[in-house]
>>> print(open('my_file16.cif').read())   # mmCIF, C-alpha atoms and all ligand atoms
data_data
loop_
_atom_site.group_PDB
_atom_site.id
_atom_site.type_symbol
_atom_site.label_atom_id
_atom_site.label_comp_id
_atom_site.auth_asym_id
_atom_site.auth_seq_id
_atom_site.Cartn_x
_atom_site.Cartn_y
_atom_site.Cartn_z
ATOM 1 C CA MET B 778 0.000 0.000 0.000
ATOM 2 C CA LEU B 779 2.846 2.369 0.898
ATOM 3 C CA LYS B 780 6.406 1.756 -0.212
ATOM 4 C CA LEU B 781 9.455 3.888 0.427
ATOM 5 C CA ALA B 782 12.519 3.131 -1.665
ATOM 6 C CA ASP B 783 16.003 4.461 -0.930
ATOM 7 C CA LEU B 784 14.536 7.607 0.595
ATOM 8 C CA GLU B 785 16.874 10.416 1.583
ATOM 9 C CA ALA B 786 15.713 13.739 3.053
ATOM 10 C CA GLY B 787 16.719 16.525 5.414
ATOM 11 C CA TYR B 788 16.936 20.268 5.870
ATOM 12 C CA GLY B 789 19.079 22.395 3.559
ATOM 13 C CA GLU B 790 22.347 20.597 2.945
ATOM 14 C CA SER B 791 22.120 18.313 5.973
ATOM 15 C CA MET B 792 20.535 14.939 5.280
ATOM 16 C CA VAL B 793 18.637 13.534 8.261
ATOM 17 C CA ILE B 794 17.294 10.262 6.835
ATOM 18 C CA ARG B 795 19.139 7.981 4.432
ATOM 19 C CA ASN B 796 18.630 4.681 2.594
ATOM 20 C CA ILE B 797 15.115 4.244 3.934
ATOM 21 C CA ASP B 798 13.312 1.213 2.461
ATOM 22 C CA LEU B 799 10.006 0.587 4.188
ATOM 23 C CA GLU B 800 6.709 -1.060 3.346
ATOM 24 C CA VAL B 801 3.228 -0.934 4.848
ATOM 25 C CA LYS B 802 0.764 -3.498 3.527
ATOM 26 C CA GLU B 803 -3.037 -3.179 3.426
ATOM 27 C CA ASN B 804 -4.569 -2.969 6.885
ATOM 28 C CA GLN B 805 -1.203 -3.155 8.648
ATOM 29 C CA VAL B 806 -0.002 -1.154 11.624
ATOM 30 C CA VAL B 807 3.700 -0.425 11.266
ATOM 31 C CA CYS B 808 5.542 1.132 14.210
ATOM 32 C CA ILE B 809 8.677 3.231 13.990
ATOM 33 C CA MET B 810 10.877 3.422 17.058
ATOM 34 C CA GLY B 811 14.147 5.183 17.799
ATOM 35 C CA ARG B 812 15.777 7.674 20.145
ATOM 36 C CA ASN B 813 15.014 11.401 20.079
ATOM 37 C CA GLY B 814 16.447 13.213 17.083
ATOM 38 C CA VAL B 815 17.152 10.151 14.897
ATOM 39 C CA GLY B 816 14.801 11.339 12.138
ATOM 40 C CA LYS B 817 11.375 9.789 12.806
ATOM 41 C CA THR B 818 9.436 13.041 12.421
ATOM 42 C CA THR B 819 11.465 13.920 9.332
ATOM 43 C CA LEU B 820 10.498 10.556 7.847
ATOM 44 C CA LEU B 821 6.779 11.131 8.484
ATOM 45 C CA LYS B 822 6.969 14.659 7.058
ATOM 46 C CA THR B 823 8.599 13.259 3.937
ATOM 47 C CA ILE B 824 5.812 10.685 3.559
ATOM 48 C CA MET B 825 3.239 13.477 3.935
ATOM 49 C CA GLY B 826 5.094 15.686 1.426
ATOM 50 C CA ILE B 827 5.890 18.486 3.873
ATOM 51 C CA ILE B 828 9.582 17.827 3.157
ATOM 52 C CA SER B 829 10.750 16.971 -0.369
ATOM 53 C CA PRO B 830 13.212 14.098 -0.509
ATOM 54 C CA LYS B 831 16.635 14.552 -2.106
ATOM 55 C CA LYS B 832 16.530 11.014 -3.380
ATOM 56 C CA GLY B 833 14.268 7.967 -3.543
ATOM 57 C CA GLU B 834 10.566 7.287 -4.031
ATOM 58 C CA VAL B 835 7.333 7.455 -2.056
ATOM 59 C CA ASN B 836 4.861 5.080 -3.674
ATOM 60 C CA TYR B 837 1.245 4.994 -2.499
ATOM 61 C CA GLN B 838 -1.267 2.471 -3.827
ATOM 62 C CA GLY B 839 0.965 1.772 -6.789
ATOM 63 C CA ASN B 840 1.478 5.436 -7.734
ATOM 64 C CA ASP B 841 4.667 7.441 -7.434
ATOM 65 C CA ILE B 842 3.628 10.416 -5.258
ATOM 66 C CA THR B 843 7.168 11.612 -4.459
ATOM 67 C CA LYS B 844 6.616 14.998 -6.065
ATOM 68 C CA LYS B 845 2.983 15.493 -5.036
ATOM 69 C CA ARG B 846 1.934 18.189 -2.572
ATOM 70 C CA PRO B 847 0.632 17.385 0.945
ATOM 71 C CA SER B 848 -2.899 18.470 -0.082
ATOM 72 C CA PHE B 849 -2.883 15.923 -2.918
ATOM 73 C CA ARG B 850 -1.760 13.182 -0.520
ATOM 74 C CA ALA B 851 -4.537 14.149 1.931
ATOM 75 C CA LYS B 852 -7.124 13.844 -0.863
ATOM 76 C CA GLN B 853 -5.691 10.424 -1.681
ATOM 77 C CA GLY B 854 -6.619 9.381 1.849
ATOM 78 C CA ILE B 855 -3.443 9.956 3.848
ATOM 79 C CA GLY B 856 -4.201 11.468 7.269
ATOM 80 C CA TYR B 857 -1.505 13.007 9.449
ATOM 81 C CA VAL B 858 -1.392 13.541 13.204
ATOM 82 C CA PRO B 859 1.724 15.651 13.735
ATOM 83 C CA GLN B 860 3.948 15.579 16.784
ATOM 84 C CA GLY B 861 2.906 18.416 19.092
ATOM 85 C CA ARG B 862 -0.689 18.181 17.766
ATOM 86 C CA GLU B 863 -0.696 21.504 15.879
ATOM 87 C CA ILE B 864 -4.325 22.201 16.561
ATOM 88 C CA PHE B 865 -5.608 25.741 16.012
ATOM 89 C CA PRO B 866 -5.876 27.293 19.506
ATOM 90 C CA LYS B 867 -8.214 30.163 18.555
ATOM 91 C CA LEU B 868 -10.643 27.938 16.662
ATOM 92 C CA THR B 869 -13.269 25.838 18.432
ATOM 93 C CA VAL B 870 -13.040 22.065 18.630
ATOM 94 C CA TYR B 871 -15.718 21.806 15.937
ATOM 95 C CA GLU B 872 -13.914 24.268 13.646
ATOM 96 C CA ASN B 873 -10.702 22.286 14.080
ATOM 97 C CA LEU B 874 -12.600 19.189 12.943
ATOM 98 C CA LEU B 875 -13.968 21.071 9.921
ATOM 99 C CA ILE B 876 -10.378 21.781 8.877
ATOM 100 C CA GLY B 877 -9.825 18.027 8.849
ATOM 101 C CA LEU B 878 -12.837 17.671 6.534
ATOM 102 C CA GLU B 879 -11.433 20.356 4.262
ATOM 103 C CA ALA B 880 -8.245 18.303 3.823
ATOM 104 C CA GLY B 881 -10.061 15.104 2.881
ATOM 105 C CA ASN B 882 -13.077 14.110 0.797
ATOM 106 C CA GLU B 883 -15.929 13.832 3.319
ATOM 107 C CA LYS B 884 -18.729 16.389 3.752
ATOM 108 C CA GLU B 885 -19.685 15.854 7.387
ATOM 109 C CA VAL B 886 -17.905 15.035 10.610
ATOM 110 C CA ASN B 887 -18.012 11.288 11.049
ATOM 111 C CA GLU B 888 -19.956 10.526 14.279
ATOM 112 C CA LYS B 889 -17.439 7.781 14.985
ATOM 113 C CA VAL B 890 -14.898 10.381 16.163
ATOM 114 C CA TYR B 891 -17.318 11.459 18.914
ATOM 115 C CA GLU B 892 -17.790 7.813 19.875
ATOM 116 C CA TYR B 893 -14.020 7.479 20.145
ATOM 117 C CA PHE B 894 -13.580 10.774 21.991
ATOM 118 C CA PRO B 895 -16.891 11.832 23.663
ATOM 119 C CA ILE B 896 -15.189 14.806 25.314
ATOM 120 C CA LEU B 897 -14.869 16.443 21.888
ATOM 121 C CA LYS B 898 -18.650 16.490 21.522
ATOM 122 C CA GLU B 899 -19.082 17.939 24.975
ATOM 123 C CA PHE B 900 -16.416 20.604 24.323
ATOM 124 C CA ARG B 901 -17.227 21.237 20.658
ATOM 125 C CA ASN B 902 -17.721 24.980 21.211
ATOM 126 C CA ARG B 903 -14.598 25.484 23.319
ATOM 127 C CA ASN B 904 -11.442 26.905 21.815
ATOM 128 C CA GLY B 905 -8.839 24.271 21.018
ATOM 129 C CA GLY B 906 -6.289 26.211 23.060
ATOM 130 C CA ASP B 907 -8.414 25.807 26.197
ATOM 131 C CA LEU B 908 -8.259 22.002 26.120
ATOM 132 C CA SER B 909 -5.742 19.994 28.162
ATOM 133 C CA GLY B 910 -2.758 18.463 26.360
ATOM 134 C CA GLY B 911 -4.423 15.048 26.288
ATOM 135 C CA GLN B 912 -7.684 16.487 24.949
ATOM 136 C CA GLN B 913 -5.748 18.374 22.264
ATOM 137 C CA GLN B 914 -4.131 15.114 21.245
ATOM 138 C CA GLN B 915 -7.552 13.485 20.971
ATOM 139 C CA LEU B 916 -8.650 16.432 18.835
ATOM 140 C CA ALA B 917 -5.610 16.057 16.577
ATOM 141 C CA ILE B 918 -6.409 12.372 16.053
ATOM 142 C CA ALA B 919 -10.105 13.112 15.515
ATOM 143 C CA ARG B 920 -9.233 15.827 12.985
ATOM 144 C CA ALA B 921 -7.335 13.242 10.953
ATOM 145 C CA LEU B 922 -10.135 10.662 11.314
ATOM 146 C CA VAL B 923 -13.073 12.862 10.231
ATOM 147 C CA SER B 924 -12.252 12.318 6.588
ATOM 148 C CA ASN B 925 -12.057 8.506 6.883
ATOM 149 C CA PRO B 926 -8.396 8.180 5.858
ATOM 150 C CA SER B 927 -7.217 4.968 4.257
ATOM 151 C CA PHE B 928 -3.771 5.586 5.699
ATOM 152 C CA LEU B 929 -2.900 7.269 8.965
ATOM 153 C CA LEU B 930 0.455 8.723 10.069
ATOM 154 C CA LEU B 931 0.658 9.176 13.853
ATOM 155 C CA ASP B 932 3.704 10.918 15.322
ATOM 156 C CA GLU B 933 4.108 10.013 19.017
ATOM 157 C CA PRO B 934 0.427 10.463 19.929
ATOM 158 C CA THR B 935 1.000 9.401 23.554
ATOM 159 C CA GLU B 936 3.990 11.657 24.273
ATOM 160 C CA GLY B 937 3.560 13.590 27.525
ATOM 161 C CA ILE B 938 -0.049 12.524 28.045
ATOM 162 C CA GLN B 939 -1.741 11.270 31.206
ATOM 163 C CA PRO B 940 -2.114 7.457 31.416
ATOM 164 C CA ASN B 941 -5.930 7.286 31.113
ATOM 165 C CA ILE B 942 -5.864 9.183 27.810
ATOM 166 C CA VAL B 943 -2.946 7.030 26.603
ATOM 167 C CA GLN B 944 -5.231 4.031 27.209
ATOM 168 C CA ASP B 945 -8.077 5.684 25.280
ATOM 169 C CA ILE B 946 -5.755 6.376 22.345
ATOM 170 C CA GLN B 947 -4.411 2.828 22.443
ATOM 171 C CA GLY B 948 -8.014 1.553 22.364
ATOM 172 C CA VAL B 949 -8.835 3.731 19.362
ATOM 173 C CA ILE B 950 -5.780 2.530 17.451
ATOM 174 C CA LYS B 951 -6.756 -1.088 18.157
ATOM 175 C CA ASP B 952 -10.344 -0.449 17.106
ATOM 176 C CA ILE B 953 -9.247 1.166 13.832
ATOM 177 C CA LYS B 954 -6.952 -1.785 13.170
ATOM 178 C CA GLU B 955 -9.656 -4.372 13.884
ATOM 179 C CA ASN B 956 -12.708 -2.672 12.421
ATOM 180 C CA SER B 957 -11.554 -0.612 9.469
ATOM 181 C CA GLN B 958 -9.345 -0.971 6.420
ATOM 182 C CA THR B 959 -7.081 1.886 7.528
ATOM 183 C CA SER B 960 -3.350 1.204 7.526
ATOM 184 C CA MET B 961 -1.093 3.081 9.898
ATOM 185 C CA ILE B 962 2.417 4.203 10.622
ATOM 186 C CA LEU B 963 2.780 4.925 14.310
ATOM 187 C CA VAL B 964 5.867 6.529 15.835
ATOM 188 C CA GLU B 965 5.978 5.335 19.420
ATOM 189 C CA GLN B 966 8.626 4.884 22.129
ATOM 190 C CA ASP B 967 6.884 2.412 24.447
ATOM 191 C CA LEU B 968 7.744 -1.137 23.389
ATOM 192 C CA GLU B 969 4.803 -2.729 25.244
ATOM 193 C CA PHE B 970 2.390 -0.381 23.492
ATOM 194 C CA VAL B 971 4.100 -1.095 20.179
ATOM 195 C CA LYS B 972 3.822 -4.863 20.639
ATOM 196 C CA SER B 973 0.133 -4.544 21.519
ATOM 197 C CA VAL B 974 -0.812 -2.824 18.245
ATOM 198 C CA ALA B 975 1.918 -3.380 15.645
ATOM 199 C CA ASP B 976 2.180 -5.929 12.862
ATOM 200 C CA TYR B 977 5.683 -4.877 11.931
ATOM 201 C CA VAL B 978 8.340 -2.734 13.592
ATOM 202 C CA TYR B 979 11.219 -0.645 12.259
ATOM 203 C CA VAL B 980 13.883 0.915 14.478
ATOM 204 C CA VAL B 981 15.662 4.015 13.174
ATOM 205 C CA ASP B 982 19.087 5.181 14.311
ATOM 206 C CA HIS B 983 21.108 8.042 12.831
ATOM 207 C CA GLY B 984 18.549 8.410 10.048
ATOM 208 C CA SER B 985 18.631 4.808 8.808
ATOM 209 C CA ILE B 986 16.738 1.625 9.582
ATOM 210 C CA VAL B 987 18.900 -0.526 11.831
ATOM 211 C CA TYR B 988 16.375 -3.199 12.838
ATOM 212 C CA GLU B 989 13.105 -4.518 11.443
ATOM 213 C CA LYS B 990 10.934 -7.458 12.369
ATOM 214 C CA ALA B 991 7.370 -8.745 12.561
ATOM 215 C CA ALA B 992 6.017 -7.574 15.937
ATOM 216 C CA HIS B 993 5.462 -11.113 17.247
ATOM 217 C CA GLU B 994 9.114 -12.003 16.571
ATOM 218 C CA ILE B 995 10.610 -9.018 18.360
ATOM 219 C CA ASP B 996 13.449 -9.550 20.773
ATOM 220 C CA ASP B 997 13.029 -6.831 23.430
ATOM 221 C CA GLU B 998 16.734 -6.693 24.287
ATOM 222 C CA GLU B 999 17.697 -6.147 20.655
ATOM 223 C CA VAL B 1000 15.267 -3.238 20.386
ATOM 224 C CA TYR B 1001 16.276 -1.708 23.731
ATOM 225 C CA GLN B 1002 19.903 -1.492 22.662
ATOM 226 C CA TYR B 1003 18.842 1.088 20.064
ATOM 227 C CA LEU B 1004 16.555 2.981 22.420
ATOM 228 C CA SER B 1005 18.841 3.410 25.426
ATOM 229 C CA VAL B 1006 21.080 6.457 25.617
HETATM 230 N N1 LIG Z 1101 13.208 22.294 10.632
HETATM 231 C C1 LIG Z 1101 14.410 21.788 10.857
HETATM 232 N N2 LIG Z 1101 15.509 22.391 10.365
HETATM 233 C C2 LIG Z 1101 16.751 21.875 10.587
HETATM 234 N N3 LIG Z 1101 16.982 20.737 11.272
HETATM 235 C C3 LIG Z 1101 15.922 20.087 11.777
HETATM 236 C C4 LIG Z 1101 14.579 20.578 11.589
HETATM 237 N N4 LIG Z 1101 13.740 19.716 12.203
HETATM 238 C C5 LIG Z 1101 14.505 18.740 12.734
HETATM 239 N N5 LIG Z 1101 15.811 18.969 12.477
HETATM 240 C C6 LIG Z 1101 16.929 18.094 12.896
HETATM 241 O O1 LIG Z 1101 16.768 16.833 12.265
HETATM 242 C C7 LIG Z 1101 17.154 15.784 13.150
HETATM 243 C C8 LIG Z 1101 16.038 14.769 13.247
HETATM 244 O O2 LIG Z 1101 14.888 15.376 13.846
HETATM 245 P P1 LIG Z 1101 13.501 14.624 13.911
HETATM 246 O O3 LIG Z 1101 12.543 15.578 14.559
HETATM 247 O O4 LIG Z 1101 13.152 14.074 12.611
HETATM 248 O O5 LIG Z 1101 13.834 13.447 14.916
HETATM 249 P P2 LIG Z 1101 12.876 12.500 15.759
HETATM 250 O O6 LIG Z 1101 13.446 11.143 15.679
HETATM 251 O O7 LIG Z 1101 11.480 12.695 15.327
HETATM 252 O O8 LIG Z 1101 13.063 13.046 17.231
HETATM 253 P P3 LIG Z 1101 11.986 13.323 18.377
HETATM 254 O O9 LIG Z 1101 11.603 12.004 18.908
HETATM 255 O O10 LIG Z 1101 12.762 14.148 19.367
HETATM 256 O O11 LIG Z 1101 10.876 14.086 17.745
HETATM 257 C C9 LIG Z 1101 17.517 16.449 14.472
HETATM 258 O O12 LIG Z 1101 18.921 16.561 14.524
HETATM 259 C C10 LIG Z 1101 16.888 17.806 14.380
HETATM 260 O O13 LIG Z 1101 17.632 18.748 15.101
#
>>> encode(input="my_file16.cif", output="C-alpha cells", more="lines below")
Ligand SMILES: Nc1ncnc2c1ncn2[C@@H]1O[C@H](COP(=O)(O)OP(=O)(O)OP(=O)(O)O)[C@@H](O)[C@H]1O
Amino acid sequence: MLKLADLEAGYGESMVIRNIDLEVKENQVVCIMGRNGVGKTTLLKTIMGIISPKKGEVNYQGNDITKKRPSFRAKQGIGYVPQGREIFPKLTVYENLLIGLEAGNEKEVNEKVYEYFPILKEFRNRNGGDLSGGQQQQLAIARALVSNPSFLLLDEPTEGIQPNIVQDIQGVIKDIKENSQTSMILVEQDLEFVKSVADYVYVVDHGSIVYEKAAHEIDDEEVYQYLSV
C-alpha cells in the first residue's frame, strides 16, 4: 500500500534520513521506534510531502507520489497527526474538525470520532487552546479521522499525556486496526504499546533503519539497545 525506496531527506544541505526502504501493507499497523532526534518526524513529514526528498521514491497504492503536494496526498486518503498536535488554539473544537474535513473528501464530521472521543462532543464549542494536552491530542487524532483516511500517520500520539488518555488512544488505534481498512504508521517509544498494536516494527538510528521485524518475533533486548542512551 505504501512503499518507500532508498529515501533520503533533510533540511538544507544536511541529510537527516538515508537509505530508507520501508513497506506498509493493506490494513497493517507499522511502528517506527528510535531515540530522540534520529529522524522519525522527518520521515513522516517526507511521507506526507511536507519535506521533499533529495533522493528515492514514495509510492502509495501503486502510484509514485514523491513529487505530489501534501494536499494531494490528503485527498488520496493519507491522514496526518503531527507531533505536538498543531491544533488551532483560537478555533473551536468543531472548527478544528472542519479543517480536517477540508483536507479530505468527506462532507460531514463522522460521528465515529465522537464515539471514540466523547469529550470532543461535549467541548465542541470550546477553543482548542483551552483544552488539556491530552484532549488536544484526541482532537488532533479526531481531525485526521473525520475524513475517513485509508492511511494514517501518527507521530508520538501518547507523548507527555496522562495514562488514562494514553489508554483511550491505544483503544482507538486497536479499534481502527480491527474494524476498518485503515493502515497506519505509528511513531511510538513504548515497546509494550508497540507490541500490543503493531504488525511490523522498524527501528531508526542516525537516520537509517537498523532493525526490522514482525512484531510477534521481536526480541526486546535487541530493540532496547537502540533505544537506550
Ligand atoms: N526544521 C528543521 N531544520 C533543521 N533541522 C531540523 C529541523 N527539524 C529537525 N531537524 C533536525 O533533524 C534531526 C532529526 O529530527 P527529527 O525531529 O526528525 O527526529 P525524531 O526522531 O522525530 O526526534 P523526536 O523524537 O525528538 O521528535 C535532528 O537533529 C533535528 O535537530
>>> closest_residue(input="my_file16.cif", among="B:Asp945, B:Glu872, B:Asp907, B:Asp952", to="Lys889 in chain B", atoms="all atoms listed in the file")
B:Asp952
>>> resolve_selection(input="my_file16.cif", expression="the PyMOL selection byres (((chain B and resi 789-796) around 12) and not hetatm)", output="JSON, numbers by chain")
{"B": [781, 782, 783, 784, 785, 786, 787, 788, 797, 798, 799, 814, 815, 816, 817, 818, 819, 820, 821, 822, 823, 824, 828, 829, 830, 831, 832, 833, 834, 981, 982, 983, 984, 985, 986, 987]}
>>> resolve_selection(input="my_file16.cif", expression="the PyMOL selection byres (((chain B and resi 853-859) around 9) and not hetatm)", output="short mmCIF file (atom, residue, chain, number, x, y, z; two decimals) with C-alpha atoms, in the coordinates of the input")
data_model
loop_
_atom_site.label_atom_id
_atom_site.label_comp_id
_atom_site.auth_asym_id
_atom_site.auth_seq_id
_atom_site.Cartn_x
_atom_site.Cartn_y
_atom_site.Cartn_z
CA THR B 818 9.44 13.04 12.42
CA LEU B 821 6.78 11.13 8.48
CA LYS B 822 6.97 14.66 7.06
CA MET B 825 3.24 13.48 3.94
CA TYR B 837 1.25 4.99 -2.50
CA PRO B 847 0.63 17.39 0.94
CA SER B 848 -2.90 18.47 -0.08
CA PHE B 849 -2.88 15.92 -2.92
CA ARG B 850 -1.76 13.18 -0.52
CA ALA B 851 -4.54 14.15 1.93
CA LYS B 852 -7.12 13.84 -0.86
CA GLN B 860 3.95 15.58 16.78
CA GLY B 861 2.91 18.42 19.09
CA ARG B 862 -0.69 18.18 17.77
CA GLU B 863 -0.70 21.50 15.88
CA GLY B 877 -9.82 18.03 8.85
CA ALA B 880 -8.24 18.30 3.82
CA GLY B 881 -10.06 15.10 2.88
CA ASN B 882 -13.08 14.11 0.80
CA GLN B 914 -4.13 15.11 21.24
CA ALA B 917 -5.61 16.06 16.58
CA ILE B 918 -6.41 12.37 16.05
CA ARG B 920 -9.23 15.83 12.98
CA ALA B 921 -7.34 13.24 10.95
CA LEU B 922 -10.14 10.66 11.31
CA SER B 924 -12.25 12.32 6.59
CA ASN B 925 -12.06 8.51 6.88
CA PRO B 926 -8.40 8.18 5.86
CA SER B 927 -7.22 4.97 4.26
CA PHE B 928 -3.77 5.59 5.70
CA LEU B 929 -2.90 7.27 8.96
CA LEU B 930 0.46 8.72 10.07
CA LEU B 931 0.66 9.18 13.85
CA ASP B 932 3.70 10.92 15.32
CA GLU B 933 4.11 10.01 19.02
CA PRO B 934 0.43 10.46 19.93
#
>>> resolve_selection(input="my_file16.cif", expression="the PyMOL selection byres (((chain B and resi 804) around 8) and not hetatm)", output="NGL selection string")
:B and (802-803 or 805-806 or 954 or 957-961)
>>> write_last_selection(input="my_file16.cif", atoms="C-alpha atoms", output="mmCIF file, in the coordinates of the input")
data_model
loop_
_atom_site.group_PDB
_atom_site.id
_atom_site.type_symbol
_atom_site.label_atom_id
_atom_site.label_comp_id
_atom_site.auth_asym_id
_atom_site.auth_seq_id
_atom_site.Cartn_x
_atom_site.Cartn_y
_atom_site.Cartn_z
ATOM 1 C CA LYS B 802 0.764 -3.498 3.527
ATOM 2 C CA GLU B 803 -3.037 -3.179 3.426
ATOM 3 C CA GLN B 805 -1.203 -3.155 8.648
ATOM 4 C CA VAL B 806 -0.002 -1.154 11.624
ATOM 5 C CA LYS B 954 -6.952 -1.785 13.170
ATOM 6 C CA SER B 957 -11.554 -0.612 9.469
ATOM 7 C CA GLN B 958 -9.345 -0.971 6.420
ATOM 8 C CA THR B 959 -7.081 1.886 7.528
ATOM 9 C CA SER B 960 -3.350 1.204 7.526
ATOM 10 C CA MET B 961 -1.093 3.081 9.898
#
>>> closest_residue(input="my_file16.cif", among="B:Lys972, B:Gly911, B:Ile827, B:Tyr1003", to="Val943 in chain B", atoms="only C-alpha atoms")
B:Gly911
>>> axis_aligned_box(input="my_file16.cif", around="ligand LIG 1101 (chain Z)", padding_each_side="4 Å", output="JSON")
{"center_x": 14.9, "center_y": 16.8, "center_z": 14.9, "size_x": 16.0, "size_y": 19.2, "size_z": 17.0}
